[in-house]
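Peer 1: Below is my_file_15.tsv; it holds TSV, C-alpha atoms.
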```
chain	number	residue	atom	x	y	z
A	1380	MET	CA	96.62	101.07	174.84
A	1381	LYS	CA	97.99	97.84	173.43
A	1382	LYS	CA	97.97	96.13	176.85
A	1383	LYS	CA	94.32	97.05	177.32
A	1384	GLU	CA	93.61	95.85	173.75
A	1385	ALA	CA	91.85	99.09	172.88
A	1386	ASP	CA	89.90	99.13	169.63
A	1387	CYS	CA	90.36	102.86	169.31
A	1388	VAL	CA	91.36	105.94	171.29
A	1389	LEU	CA	89.24	109.06	171.67
A	1390	ILE	CA	90.97	112.24	172.84
A	1391	ALA	CA	88.47	114.79	174.07
A	1392	GLY	CA	90.45	117.95	173.53
A	1393	ASP	CA	93.25	119.84	175.20
A	1394	ILE	CA	96.01	118.34	173.05
A	1395	SER	CA	98.10	121.37	172.09
A	1396	ASN	CA	97.91	125.09	171.46
A	1397	THR	CA	99.39	124.68	167.96
A	1398	VAL	CA	97.51	123.13	165.04
A	1399	GLN	CA	100.55	121.35	163.58
A	1400	ILE	CA	101.65	119.93	166.95
A	1401	THR	CA	98.14	118.56	167.49
A	1402	LEU	CA	98.05	116.92	164.07
A	1403	ASN	CA	101.57	115.52	164.44
A	1404	PHE	CA	100.69	114.08	167.86
A	1405	ILE	CA	97.57	112.33	166.56
A	1406	ASP	CA	99.53	110.81	163.67
A	1407	LEU	CA	102.39	109.76	165.95
A	1408	VAL	CA	100.12	107.98	168.46
A	1409	GLN	CA	98.24	106.24	165.67
A	1410	LYS	CA	101.44	105.05	163.97
A	1411	ALA	CA	103.08	103.99	167.24
A	1412	THR	CA	100.12	101.93	168.44
A	1413	GLY	CA	98.44	100.80	165.24
A	1414	ILE	CA	95.16	101.76	166.89
A	1415	PRO	CA	92.77	104.30	165.33
A	1416	VAL	CA	92.91	107.62	167.19
A	1417	TYR	CA	90.03	110.11	167.06
A	1418	PHE	CA	89.91	113.58	168.56
A	1419	ILE	CA	87.71	116.56	169.22
A	1420	PRO	CA	89.44	119.89	169.85
A	1421	GLY	CA	88.79	121.20	173.35
A	1422	ASN	CA	88.55	124.66	174.82
A	1423	HIS	CA	92.30	124.70	175.58
A	1424	ASP	CA	93.35	123.65	172.08
A	1425	ILE	CA	94.30	126.32	169.63
A	1426	TRP	CA	91.26	127.62	167.84
A	1427	ALA	CA	93.32	130.33	166.12
A	1428	ASP	CA	96.90	130.67	164.92
A	1429	GLY	CA	96.62	134.42	165.14
A	1430	GLU	CA	94.09	137.12	165.89
A	1431	GLY	CA	90.96	136.81	163.80
A	1432	GLU	CA	91.95	133.43	162.35
A	1433	SER	CA	89.92	131.07	164.52
A	1434	THR	CA	87.85	129.71	161.63
A	1435	VAL	CA	90.96	128.96	159.58
A	1436	ALA	CA	92.70	127.13	162.43
A	1437	ILE	CA	89.72	125.02	163.47
A	1438	GLU	CA	89.01	124.07	159.86
A	1439	GLU	CA	92.62	122.89	159.53
A	1440	LEU	CA	92.01	120.54	162.45
A	1441	ALA	CA	88.64	119.51	161.02
A	1442	LYS	CA	90.28	118.40	157.75
A	1443	HIS	CA	92.19	115.64	159.52
A	1444	PRO	CA	90.43	112.29	159.00
A	1445	SER	CA	90.57	111.53	162.74
A	1446	CYS	CA	88.84	114.76	163.77
A	1447	LEU	CA	85.21	114.29	164.78
A	1448	ILE	CA	84.02	117.87	164.27
A	1449	HIS	CA	82.10	117.16	161.06
A	1450	HIS	CA	81.48	113.43	161.36
A	1451	SER	CA	80.96	110.73	163.94
A	1452	ILE	CA	82.01	107.13	164.54
A	1453	GLU	CA	79.98	104.26	165.88
A	1454	LEU	CA	81.33	102.68	169.02
A	1455	CYS	CA	80.15	99.13	169.70
A	1456	TYR	CA	80.93	97.11	172.77
```
Please re-express this file's structure in structure tokens.

Peer 2:
Amino acid sequence: MKKKEADCVLIAGDISNTVQITLNFIDLVQKATGIPVYFIPGNHDIWADGEGESTVAIEELAKHPSCLIHHSIELCY
């Protein structure tokens, strides 16, 4: 990412099947590169930490400032 001089990174899902692992990964990549990282959970990401808890799990991901579920970013090039 640094070699390519990326302005930001967008991960389009399929990060992890655990909410905390997903959030830790996003934070780790952002800290390691110094580049803003944005993500949208995909169909293989965890949408529930247990049966009947899908809304709770996805809202936990949505609270992260890099998650683009409830907001967008403008990409200019």

Peer 1: Could you work out how far CA of Asp1386 (chain A) lies from CA of Leu1454 (chain A), giving the answer in Å with one decimal?

Peer 2: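 Going from CA of Leu1454 (chain A) over to CA of Asp1386 (chain A), I get 9.3 Å.
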
Peer 1: As a list of chain:residue names, please: the residues near Pro1420 (chain A) (cut-off 8 Å, all atoms listed in the file, same-chain neighbours under 4 positions excluded).

Peer 2: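 Close residues of Pro1420 (chain A): A:Ala1391, A:Gly1392, A:Asp1393, A:Ile1394, A:Asp1424, A:Leu1440, A:Cys1446.
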
Peer 1: Go ahead and save the residues from that selection, with C-alpha atoms, as a PDB file, in the coordinates of the input.

Peer 2:
```pdb
ATOM      1  CA  ALA A1391      88.470 114.790 174.070  1.00  0.00           C
ATOM      2  CA  GLY A1392      90.450 117.950 173.530  1.00  0.00           C
ATOM      3  CA  ASP A1393      93.250 119.840 175.200  1.00  0.00           C
ATOM      4  CA  ILE A1394      96.010 118.340 173.050  1.00  0.00           C
ATOM      5  CA  ASP A1424      93.350 123.650 172.080  1.00  0.00           C
ATOM      6  CA  LEU A1440      92.010 120.540 162.450  1.00  0.00           C
ATOM      7  CA  CYS A1446      88.840 114.760 163.770  1.00  0.00           C
TER       8      CYS A1446
END
```

Peer 1: Please return, as a count of residues only, all polymer residues that have at least one atom within 10 Å of the point (84.2, 112.0, 167.4); use all atoms listed in the file and the file's own coordinate frame.

Peer 2: 18

Peer 1: Select, from A:Leu1402, A:Leu1407, A:Ile1414, A:Ala1436, the residue with the minimum atom-to-atom distance to Lys1381 (chain A), counting all atoms listed in the file.

Peer 2: A:Ile1414

Peer 1: Please measure the separation of CA of Gln1409 (chain A) and CA of Thr1397 (chain A), giving the value in Å to one decimal.

Peer 2: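 If I compute the distance from CA of Gln1409 (chain A) to CA of Thr1397 (chain A), I get 18.6 Å.
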
Peer 1: Between CA of Ala1385 (chain A) and CA of Thr1401 (chain A), what distance in Å does the model show, to one decimal?

Peer 2: 21.2 Å
